[in-house]
>>> print(open('work_37.tsv').read())   # TSV, C-alpha atoms and all ligand atoms
chain	number	residue	atom	x	y	z
A	1	MET	CA	4.37	-27.71	59.90
A	2	SER	CA	1.55	-26.96	57.56
A	3	PHE	CA	1.50	-28.15	53.96
A	4	PRO	CA	2.81	-26.87	51.53
A	5	LYS	CA	6.05	-25.56	53.02
A	6	GLN	CA	7.12	-23.92	49.78
A	7	ARG	CA	4.51	-21.53	48.44
A	8	LEU	CA	5.65	-19.89	45.20
A	9	ARG	CA	2.67	-17.56	45.37
A	10	ARG	CA	4.36	-15.73	48.29
A	11	LEU	CA	6.55	-13.96	45.77
A	12	ARG	CA	3.66	-13.06	43.48
A	13	GLN	CA	1.53	-11.18	46.02
A	14	ASN	CA	1.98	-7.66	44.81
A	15	GLU	CA	3.69	-5.67	42.10
A	16	ASN	CA	6.66	-4.64	44.26
A	17	ILE	CA	7.50	-8.22	45.23
A	18	ARG	CA	7.10	-9.23	41.60
A	19	ARG	CA	9.44	-6.42	40.55
A	20	LEU	CA	12.12	-7.66	42.97
A	21	VAL	CA	12.15	-11.20	41.63
A	22	ARG	CA	11.62	-10.40	37.96
A	23	GLU	CA	14.24	-12.20	35.83
A	24	THR	CA	13.89	-10.45	32.48
A	25	HIS	CA	13.80	-6.73	31.85
A	26	LEU	CA	12.70	-5.38	28.50
A	27	SER	CA	14.02	-1.91	27.87
A	28	VAL	CA	14.05	0.71	25.14
A	29	ASP	CA	17.82	0.01	25.04
A	30	ASP	CA	17.08	-3.32	23.35
A	31	LEU	CA	15.04	-2.02	20.43
A	32	ILE	CA	15.69	-1.25	16.78
A	33	MET	CA	12.95	0.19	14.57
A	34	PRO	CA	12.74	-0.91	10.90
A	35	LEU	CA	11.73	1.87	8.48
A	36	PHE	CA	10.85	1.91	4.77
A	37	VAL	CA	12.03	4.67	2.48
A	38	ARG	CA	10.93	5.46	-1.07
A	39	PRO	CA	11.62	8.23	-3.61
A	40	GLY	CA	9.55	11.41	-3.71
A	41	LYS	CA	8.65	14.24	-1.36
A	42	GLY	CA	6.01	14.54	1.32
A	43	ILE	CA	5.07	10.88	0.97
A	44	LYS	CA	3.78	8.84	3.89
A	45	GLN	CA	2.05	5.90	2.30
A	46	PRO	CA	0.43	3.40	4.67
A	47	ILE	CA	1.45	-0.24	4.30
A	48	PRO	CA	-1.92	-2.03	4.42
A	49	SER	CA	-0.57	-5.33	5.74
A	50	MET	CA	1.40	-3.61	8.53
A	51	PRO	CA	-0.91	-1.07	10.20
A	52	GLY	CA	0.99	1.92	11.61
A	53	ASN	CA	3.96	1.46	9.22
A	54	TYR	CA	4.60	3.56	6.13
A	55	GLN	CA	6.70	3.89	3.03
A	56	MET	CA	8.16	7.34	3.58
A	57	SER	CA	10.01	9.78	1.37
A	58	VAL	CA	13.34	11.00	2.75
A	59	ASP	CA	11.95	14.27	4.19
A	60	ILE	CA	9.18	12.54	6.18
A	61	LEU	CA	11.54	9.73	7.18
A	62	THR	CA	14.01	12.22	8.63
A	63	GLU	CA	11.29	13.73	10.84
A	64	GLU	CA	10.32	10.25	12.01
A	65	VAL	CA	13.93	9.39	12.86
A	66	LYS	CA	14.28	12.61	14.89
A	67	GLU	CA	11.23	11.57	16.89
A	68	LEU	CA	12.63	8.06	17.48
A	69	GLU	CA	15.91	9.56	18.64
A	70	ALA	CA	14.06	11.88	21.01
A	71	ILE	CA	12.23	8.98	22.69
A	72	GLY	CA	15.50	7.11	23.19
A	73	ILE	CA	15.45	4.39	20.53
A	74	PRO	CA	19.14	3.45	19.99
A	75	GLY	CA	18.88	2.51	16.31
A	76	ILE	CA	16.86	2.18	13.13
A	77	ILE	CA	17.27	-0.22	10.21
A	78	LEU	CA	16.48	1.06	6.74
A	79	PHE	CA	14.81	-0.71	3.83
A	80	GLY	CA	14.64	1.01	0.45
A	81	ILE	CA	12.18	0.93	-2.41
A	82	PRO	CA	14.21	2.24	-5.36
A	83	GLU	CA	12.95	4.34	-8.26
A	84	VAL	CA	13.96	1.60	-10.71
A	85	LYS	CA	14.82	-2.06	-10.29
A	86	ASP	CA	17.04	-3.94	-12.71
A	87	GLU	CA	18.70	-7.33	-13.06
A	88	LEU	CA	21.85	-6.17	-11.32
A	89	GLY	CA	20.07	-4.31	-8.53
A	90	SER	CA	22.13	-1.22	-9.37
A	91	ASP	CA	20.32	1.15	-7.01
A	92	ALA	CA	21.65	-0.94	-4.10
A	93	TYR	CA	25.21	0.30	-4.63
A	94	SER	CA	24.61	3.62	-6.36
A	95	ASP	CA	25.79	6.77	-4.58
A	96	ALA	CA	22.47	8.28	-5.61
A	97	GLY	CA	20.54	5.21	-4.39
A	98	ILE	CA	17.52	5.56	-2.14
A	99	ILE	CA	19.29	4.26	0.98
A	100	GLN	CA	22.37	6.42	0.38
A	101	LYS	CA	20.17	9.53	0.06
A	102	ALA	CA	18.24	8.61	3.18
A	103	ILE	CA	21.38	8.11	5.29
A	104	THR	CA	22.85	11.42	4.16
A	105	ALA	CA	19.67	13.28	5.10
A	106	ILE	CA	19.26	11.50	8.44
A	107	LYS	CA	22.86	12.14	9.48
A	108	LYS	CA	22.33	15.90	9.07
A	109	GLU	CA	19.36	15.97	11.42
A	110	ALA	CA	19.80	13.11	13.87
A	111	ARG	CA	23.42	12.53	14.62
A	112	ASP	CA	23.42	9.98	17.41
A	113	ILE	CA	20.80	7.42	16.55
A	114	LEU	CA	22.46	4.43	14.90
A	115	VAL	CA	21.61	3.89	11.26
A	116	LEU	CA	21.74	0.21	10.32
A	117	THR	CA	21.40	-0.85	6.72
A	118	ASP	CA	20.09	-4.12	5.37
A	119	VAL	CA	22.54	-5.35	2.75
A	120	CYS	CA	20.71	-7.53	0.23
A	121	MET	CA	19.68	-7.43	-3.42
A	122	CYS	CA	15.99	-8.40	-3.26
A	123	GLU	CA	14.59	-4.90	-2.93
A	124	TYR	CA	16.62	-3.73	-5.93
A	125	THR	CA	16.48	-6.57	-8.46
A	126	SER	CA	13.72	-6.73	-11.07
A	127	HIS	CA	13.19	-10.44	-10.29
A	128	GLY	CA	13.08	-9.94	-6.52
A	129	HIS	CA	15.75	-12.51	-5.61
A	130	CYS	CA	18.49	-11.73	-3.09
A	131	GLY	CA	21.31	-12.30	-5.58
A	132	PHE	CA	22.47	-12.19	-9.16
A	133	LEU	CA	20.50	-14.59	-11.38
A	134	LYS	CA	22.15	-16.40	-14.25
A	135	ALA	CA	20.93	-19.13	-16.56
A	136	ASP	CA	22.70	-22.48	-16.16
A	137	GLU	CA	24.66	-23.17	-19.34
A	138	HIS	CA	23.44	-26.77	-19.53
A	139	THR	CA	19.85	-26.71	-18.33
A	140	GLY	CA	18.89	-23.09	-19.00
A	141	HIS	CA	17.38	-22.92	-15.49
A	142	PHE	CA	17.97	-19.74	-13.58
A	143	GLU	CA	20.25	-19.97	-10.59
A	144	ILE	CA	21.68	-17.53	-8.11
A	145	ASP	CA	25.35	-16.94	-8.81
A	146	ASN	CA	26.71	-16.94	-5.25
A	147	ASP	CA	30.16	-15.53	-5.94
A	148	LYS	CA	29.05	-12.85	-8.38
A	149	THR	CA	26.49	-11.80	-5.77
A	150	LEU	CA	29.28	-11.44	-3.19
A	151	GLU	CA	30.90	-8.75	-5.34
A	152	LEU	CA	27.66	-6.80	-5.56
A	153	LEU	CA	27.00	-7.13	-1.82
A	154	ALA	CA	30.48	-5.84	-1.00
A	155	LYS	CA	29.89	-2.83	-3.24
A	156	GLU	CA	26.54	-2.22	-1.57
A	157	ALA	CA	28.04	-2.41	1.93
A	158	VAL	CA	30.87	-0.01	1.07
A	159	SER	CA	28.42	2.37	-0.55
A	160	HIS	CA	26.25	2.38	2.61
A	161	ALA	CA	29.34	2.99	4.72
A	162	ASN	CA	30.41	5.85	2.47
A	163	ALA	CA	27.00	7.45	2.94
A	164	GLY	CA	27.39	7.23	6.74
A	165	ALA	CA	25.85	3.93	7.86
A	166	ASP	CA	26.82	2.96	11.42
A	167	ILE	CA	26.24	-0.80	11.26
A	168	ILE	CA	26.03	-3.07	8.22
A	169	ALA	CA	23.50	-5.91	8.34
A	170	PRO	CA	23.83	-8.45	5.50
A	171	SER	CA	20.57	-10.41	5.04
A	172	ASP	CA	21.11	-12.18	1.72
A	173	MET	CA	22.30	-15.60	3.01
A	174	MET	CA	24.95	-16.13	0.31
A	175	ASP	CA	27.94	-18.24	1.39
A	176	GLY	CA	30.99	-16.17	2.27
A	177	ARG	CA	29.24	-12.79	2.42
A	178	ILE	CA	30.44	-11.79	5.87
A	179	GLY	CA	34.10	-12.38	5.02
A	180	THR	CA	33.78	-10.63	1.67
A	181	ILE	CA	32.00	-7.63	3.16
A	182	ARG	CA	34.41	-7.40	6.14
A	183	GLU	CA	37.36	-7.39	3.77
A	184	ALA	CA	35.83	-4.74	1.51
A	185	LEU	CA	34.94	-2.50	4.46
A	186	ASP	CA	38.45	-2.81	5.92
A	187	ARG	CA	40.06	-2.13	2.57
A	188	GLU	CA	38.04	1.08	2.20
A	189	GLY	CA	38.95	2.30	5.68
A	190	PHE	CA	35.78	1.25	7.54
A	191	ARG	CA	37.49	-1.01	10.07
A	192	GLN	CA	35.33	0.33	12.86
A	193	ILE	CA	31.96	-0.39	11.29
A	194	PRO	CA	30.39	-3.44	12.95
A	195	ILE	CA	28.61	-6.18	11.02
A	196	MET	CA	25.34	-7.51	12.34
A	197	ALA	CA	24.91	-10.74	10.37
A	198	TYR	CA	21.49	-12.20	9.64
A	199	SER	CA	23.12	-15.56	10.42
A	200	ALA	CA	20.23	-17.91	11.11
A	201	LYS	CA	17.77	-16.53	8.60
A	202	TYR	CA	15.05	-19.01	7.77
A	203	ALA	CA	12.91	-19.30	4.63
A	204	SER	CA	9.67	-18.22	6.26
A	205	GLY	CA	6.05	-17.48	5.55
A	206	PHE	CA	6.27	-14.81	8.25
A	207	TYR	CA	7.94	-12.38	5.79
A	208	GLY	CA	4.72	-12.03	3.76
A	209	PRO	CA	3.72	-8.51	4.86
A	210	PHE	CA	7.31	-7.21	4.53
A	211	ARG	CA	7.45	-8.27	0.90
A	212	GLU	CA	4.39	-6.12	0.26
A	213	ALA	CA	6.00	-3.27	2.22
A	214	ALA	CA	9.33	-3.50	0.40
A	215	GLU	CA	7.79	-4.60	-2.92
A	216	SER	CA	10.29	-7.47	-3.01
A	217	THR	CA	8.31	-10.65	-3.66
A	218	PRO	CA	10.33	-12.94	-5.97
A	219	GLU	CA	8.87	-13.04	-9.48
A	220	MET	CA	9.36	-16.80	-9.67
A	221	GLY	CA	10.46	-19.50	-7.28
A	222	ASP	CA	11.20	-18.86	-3.62
A	223	ARG	CA	14.19	-18.30	-1.36
A	224	SER	CA	14.64	-21.87	-0.13
A	225	SER	CA	17.94	-22.40	-2.00
A	226	TYR	CA	19.60	-19.75	0.15
A	227	GLN	CA	17.59	-19.14	3.32
A	228	MET	CA	17.60	-21.89	5.97
A	229	ASP	CA	15.12	-24.74	6.17
A	230	SER	CA	12.80	-24.18	9.12
A	231	HIS	CA	13.20	-27.81	10.26
A	232	ASN	CA	16.88	-27.29	11.12
A	233	ALA	CA	18.47	-26.22	14.39
A	234	VAL	CA	22.00	-27.69	14.38
A	235	GLU	CA	22.65	-26.04	11.03
A	236	ALA	CA	22.08	-22.65	12.68
A	237	LEU	CA	25.16	-23.32	14.82
A	238	ARG	CA	27.19	-23.86	11.66
A	239	GLU	CA	25.89	-20.66	10.07
A	240	VAL	CA	26.75	-18.68	13.18
A	241	SER	CA	30.22	-20.26	13.59
A	242	LEU	CA	31.08	-19.36	10.02
A	243	ASP	CA	29.79	-15.81	10.32
A	244	ILE	CA	31.82	-15.27	13.48
A	245	GLU	CA	34.94	-16.76	11.87
A	246	GLU	CA	34.40	-14.43	8.92
A	247	GLY	CA	34.15	-11.38	11.19
A	248	ALA	CA	30.54	-10.88	12.35
A	249	ASP	CA	30.20	-8.75	15.51
A	250	ILE	CA	26.54	-9.46	16.22
A	251	VAL	CA	24.61	-12.52	15.02
A	252	MET	CA	20.92	-12.63	14.28
A	253	VAL	CA	18.06	-15.10	14.36
A	254	LYS	CA	15.12	-14.40	12.07
A	255	PRO	CA	12.16	-14.77	12.47
A	256	ALA	CA	12.07	-14.63	16.27
A	257	LEU	CA	8.85	-15.99	17.70
A	258	ALA	CA	8.77	-19.40	16.01
A	259	TYR	CA	12.54	-19.71	16.54
A	260	LEU	CA	12.99	-19.01	20.26
A	261	ASP	CA	14.75	-22.36	20.59
A	262	ILE	CA	17.37	-21.18	18.09
A	263	ILE	CA	17.93	-17.96	20.04
A	264	ARG	CA	18.43	-19.99	23.22
A	265	ASN	CA	20.80	-22.40	21.42
A	266	LEU	CA	22.97	-19.53	20.25
A	267	LYS	CA	22.95	-17.95	23.69
A	268	GLU	CA	24.24	-21.20	25.18
A	269	ASN	CA	26.85	-21.84	22.47
A	270	PHE	CA	28.36	-18.47	21.59
A	271	ASN	CA	29.42	-15.51	23.63
A	272	TYR	CA	28.50	-12.91	21.05
A	273	PRO	CA	25.62	-10.42	21.14
A	274	ILE	CA	22.47	-11.92	19.69
A	275	ALA	CA	19.86	-10.00	17.75
A	276	ALA	CA	16.41	-11.32	16.92
A	277	TYR	CA	14.15	-10.01	14.18
A	278	ASN	CA	10.51	-9.91	15.28
A	279	VAL	CA	9.37	-9.96	11.65
A	280	SER	CA	6.44	-8.48	9.78
A	281	GLY	CA	4.19	-11.54	9.96
A	282	GLU	CA	4.65	-11.82	13.73
A	283	PHE	CA	3.57	-8.19	13.99
A	284	SER	CA	0.67	-8.36	11.55
A	285	ILE	CA	-1.05	-11.38	13.07
A	286	VAL	CA	-1.26	-9.55	16.38
A	287	LYS	CA	-2.46	-6.33	14.70
A	288	ALA	CA	-5.17	-8.21	12.81
A	289	ALA	CA	-6.45	-10.03	15.89
A	290	ALA	CA	-6.36	-6.79	17.90
A	291	GLU	CA	-8.36	-4.99	15.21
A	292	LYS	CA	-11.02	-7.65	15.59
A	293	GLY	CA	-11.00	-7.11	19.33
A	294	TRP	CA	-9.79	-10.65	19.98
A	295	ILE	CA	-6.59	-9.79	21.84
A	296	ASP	CA	-5.04	-6.84	23.64
A	297	GLU	CA	-2.25	-5.57	21.36
A	298	LYS	CA	-0.13	-3.84	24.01
A	299	ARG	CA	-0.23	-6.77	26.39
A	300	VAL	CA	0.53	-9.36	23.72
A	301	ALA	CA	3.25	-7.28	22.06
A	302	LEU	CA	5.09	-6.74	25.34
A	303	GLU	CA	4.70	-10.42	26.17
A	304	ILE	CA	6.21	-11.39	22.80
A	305	LEU	CA	9.13	-8.96	23.11
A	306	THR	CA	9.80	-10.15	26.67
A	307	ALA	CA	9.77	-13.77	25.48
A	308	ILE	CA	12.35	-12.97	22.80
A	309	LYS	CA	14.54	-11.31	25.42
A	310	ARG	CA	14.03	-14.19	27.88
A	311	ALA	CA	15.07	-16.67	25.18
A	312	GLY	CA	18.43	-14.90	25.06
A	313	ALA	CA	18.25	-12.01	22.60
A	314	ASP	CA	20.18	-8.86	23.46
A	315	ILE	CA	18.77	-6.81	20.61
A	316	ILE	CA	15.27	-6.93	19.09
A	317	LEU	CA	14.38	-5.53	15.69
A	318	THR	CA	10.67	-4.84	15.90
A	319	TYR	CA	7.90	-2.80	14.27
A	320	TRP	CA	6.68	-2.21	17.85
A	321	ALA	CA	9.87	-0.35	18.83
A	322	LYS	CA	8.23	3.07	18.95
A	323	ASP	CA	5.05	1.89	20.70
A	324	ALA	CA	7.03	-0.26	23.13
A	325	ALA	CA	9.27	2.67	24.06
A	326	ARG	CA	6.11	4.56	25.04
A	327	TRP	CA	4.45	1.59	26.76
A	328	LEU	CA	7.55	0.90	28.86
A	329	LYS	CA	7.41	4.42	30.24
A	330	GLU	CA	3.73	4.25	31.23
B	401	LIG	C1	15.72	-9.26	2.87
B	401	LIG	C2	14.91	-9.05	4.10
B	401	LIG	C3	13.63	-9.55	4.33
B	401	LIG	C4	13.27	-9.12	5.61
B	401	LIG	C5	14.31	-8.36	6.11
B	401	LIG	N1	15.32	-8.35	5.17
B	401	LIG	C6	12.71	-10.29	3.46
B	401	LIG	C7	13.03	-11.59	2.90
B	401	LIG	O1	14.02	-12.23	3.20
B	401	LIG	O2	12.22	-11.99	2.07
B	401	LIG	C8	11.97	-9.47	6.26
B	401	LIG	C9	11.60	-8.67	7.45
B	401	LIG	C10	10.20	-8.86	7.89
B	401	LIG	O3	9.44	-9.74	7.46
B	401	LIG	O4	9.80	-8.07	8.75
B	401	LIG	N2	16.30	-8.11	2.41
>>> encode(input="work_37.tsv", output="structure tokens")
Amino acid sequence: MSFPKQRLRRLRQNENIRRLVRETHLSVDDLIMPLFVRPGKGIKQPIPSMPGNYQMSVDILTEEVKELEAIGIPGIILFGIPEVKDELGSDAYSDAGIIQKAITAIKKEARDILVLTDVCMCEYTSHGHCGFLKADEHTGHFEIDNDKTLELLAKEAVSHANAGADIIAPSDMMDGRIGTIREALDREGFRQIPIMAYSAKYASGFYGPFREAAESTPEMGDRSSYQMDSHNAVEALREVSLDIEEGADIVMVKPALAYLDIIRNLKENFNYPIAAYNVSGEFSIVKAAAEKGWIDEKRVALEILTAIKRAGADIILTYWAKDAARWLKE
């Protein structure tokens, strides 16, 4: 008997053998494309920090969504830049709000593609925080009023559902939001609309480019009093347990790449579908290095998306959704 008896390279000899023993399969079925919508007409404004992504007016957005539907992308998630921002984030739950208008237009032209909406206040508030800000009566310091925010979020979710949203995705990280939103949706007759909860959403530097794209950088302070601390893993299990108890149908980890351990933890501890958000910063660092000729964008992007899937994600929200759909066909 010659040495070694086991030769793992036997199963790596050619592409067909590799195909047979491949453990993870990335597919267009897994992908959701985030899109940014703003008021106006004929607008397709490049987002400098996220090459290939645009703030689009509703007409241009609708064309884009038709294209995504045609190439087989199962869903999009919408982010809105409203005409006006105010302290109460009123555009978020206005029937004439930017997201509500976008959904109405999309549903006329592209019936089947799922329209997910991000339910949060940060894109709509003048101060850029994800909730209602009030001054503490004793110290005068501004604080997020958790329970007042819940009311606004419930209104926002119902308003999105009224406009025709297919899945509601709360991303604010207030305590009790999933239960409050589930109750409000049920009360208004939207029992069948699933909730995809941004459950383990970390306070992260990787959201930098998105905040430029959505014009939602907080005016003062940061989000660390509501988003999770990046040092914590066990706490993610608590967040997810609560969201499931409160009625979440799909739970999310965000960001994805620096949190693959969290995705795996959830996979091993819960039997619910897991989504992962491959966020703006994870996308932009690859774009920037590729522009310099330092790495191969397609190869690295597919490797990243495969890693997120391998870690245990069933669904990936990614700015590469459209490109990946094409690459996977090649
Ligand atoms: C909040 C929200 C954010 C992202 C998605 N939803 C930003 C934040 O929490 O600051 C970030 C997505 C990305 O970076 O790609 N509404």
>>> atom_distance(input="work_37.tsv", atom1="atom CA of Asp222 of chain A", atom2="atom C4 of ligand LIG 401 (chain B)")
13.6 Å
>>> closest_residue(input="work_37.tsv", among="A:Ile195, A:Ala214, A:Ala169, A:Leu150", to="Tyr124 of chain A", atoms="only C-alpha atoms")
A:Ala214
>>> residues_near_ligand(input="work_37.tsv", ligand="ligand LIG 401 (chain B)", cutoff="9 Å", atoms="only C-alpha atoms and all ligand atoms", output="PyMOL selection string")
chain A and resi 34+79+118-123+128-130+170-173+198+201-211+213-214+216-218+222-223+227+254-255+277-283+317-319
>>> atom_distance(input="work_37.tsv", atom1="atom CA of Ser90 of chain A", atom2="atom CA of Val58 of chain A")
19.3 Å
>>> atom_distance(input="work_37.tsv", atom1="atom CA of Met196 of chain A", atom2="atom CA of Ser284 of chain A")
24.7 Å
>>> axis_aligned_box(input="work_37.tsv", around="segment 170-176 of chain A", padding_each_side="4 Å", output="lines of an AutoDock Vina configuration file")
center_x = 25.8
center_y = -13.3
center_z = 2.9
size_x = 18.4
size_y = 17.8
size_z = 13.2
>>> closest_residue(input="work_37.tsv", among="A:Glu219, A:Asp243, A:Asp147, A:Glu137", to="Gly179 of chain A", atoms="all atoms listed in the file")
A:Asp243
>>> residues_around(input="work_37.tsv", residues="Ile167 of chain A", least_positions_apart="2", cutoff="6 Å", atoms="only C-alpha atoms", output="mmCIF file with C-alpha atoms, keeping the file's coordinate frame")
data_model
loop_
_atom_site.group_PDB
_atom_site.id
_atom_site.type_symbol
_atom_site.label_atom_id
_atom_site.label_comp_id
_atom_site.auth_asym_id
_atom_site.auth_seq_id
_atom_site.Cartn_x
_atom_site.Cartn_y
_atom_site.Cartn_z
ATOM 1 C CA LEU A 116 21.740 0.210 10.320
ATOM 2 C CA ALA A 165 25.850 3.930 7.860
ATOM 3 C CA ILE A 193 31.960 -0.390 11.290
ATOM 4 C CA PRO A 194 30.390 -3.440 12.950
ATOM 5 C CA ILE A 195 28.610 -6.180 11.020
#
>>> residues_around(input="work_37.tsv", residues="Glu23 of chain A", least_positions_apart="2", cutoff="12 Å", atoms="only C-alpha atoms", output="number ranges by chain")
A: 18-21, 25-26, 306-307, 309-312
>>> residues_around(input="work_37.tsv", residues="Leu78 of chain A", least_positions_apart="2", cutoff="8 Å", atoms="only C-alpha atoms", output="VMD selection string")
chain A and resid 34 to 37 76 80 99 115 to 118
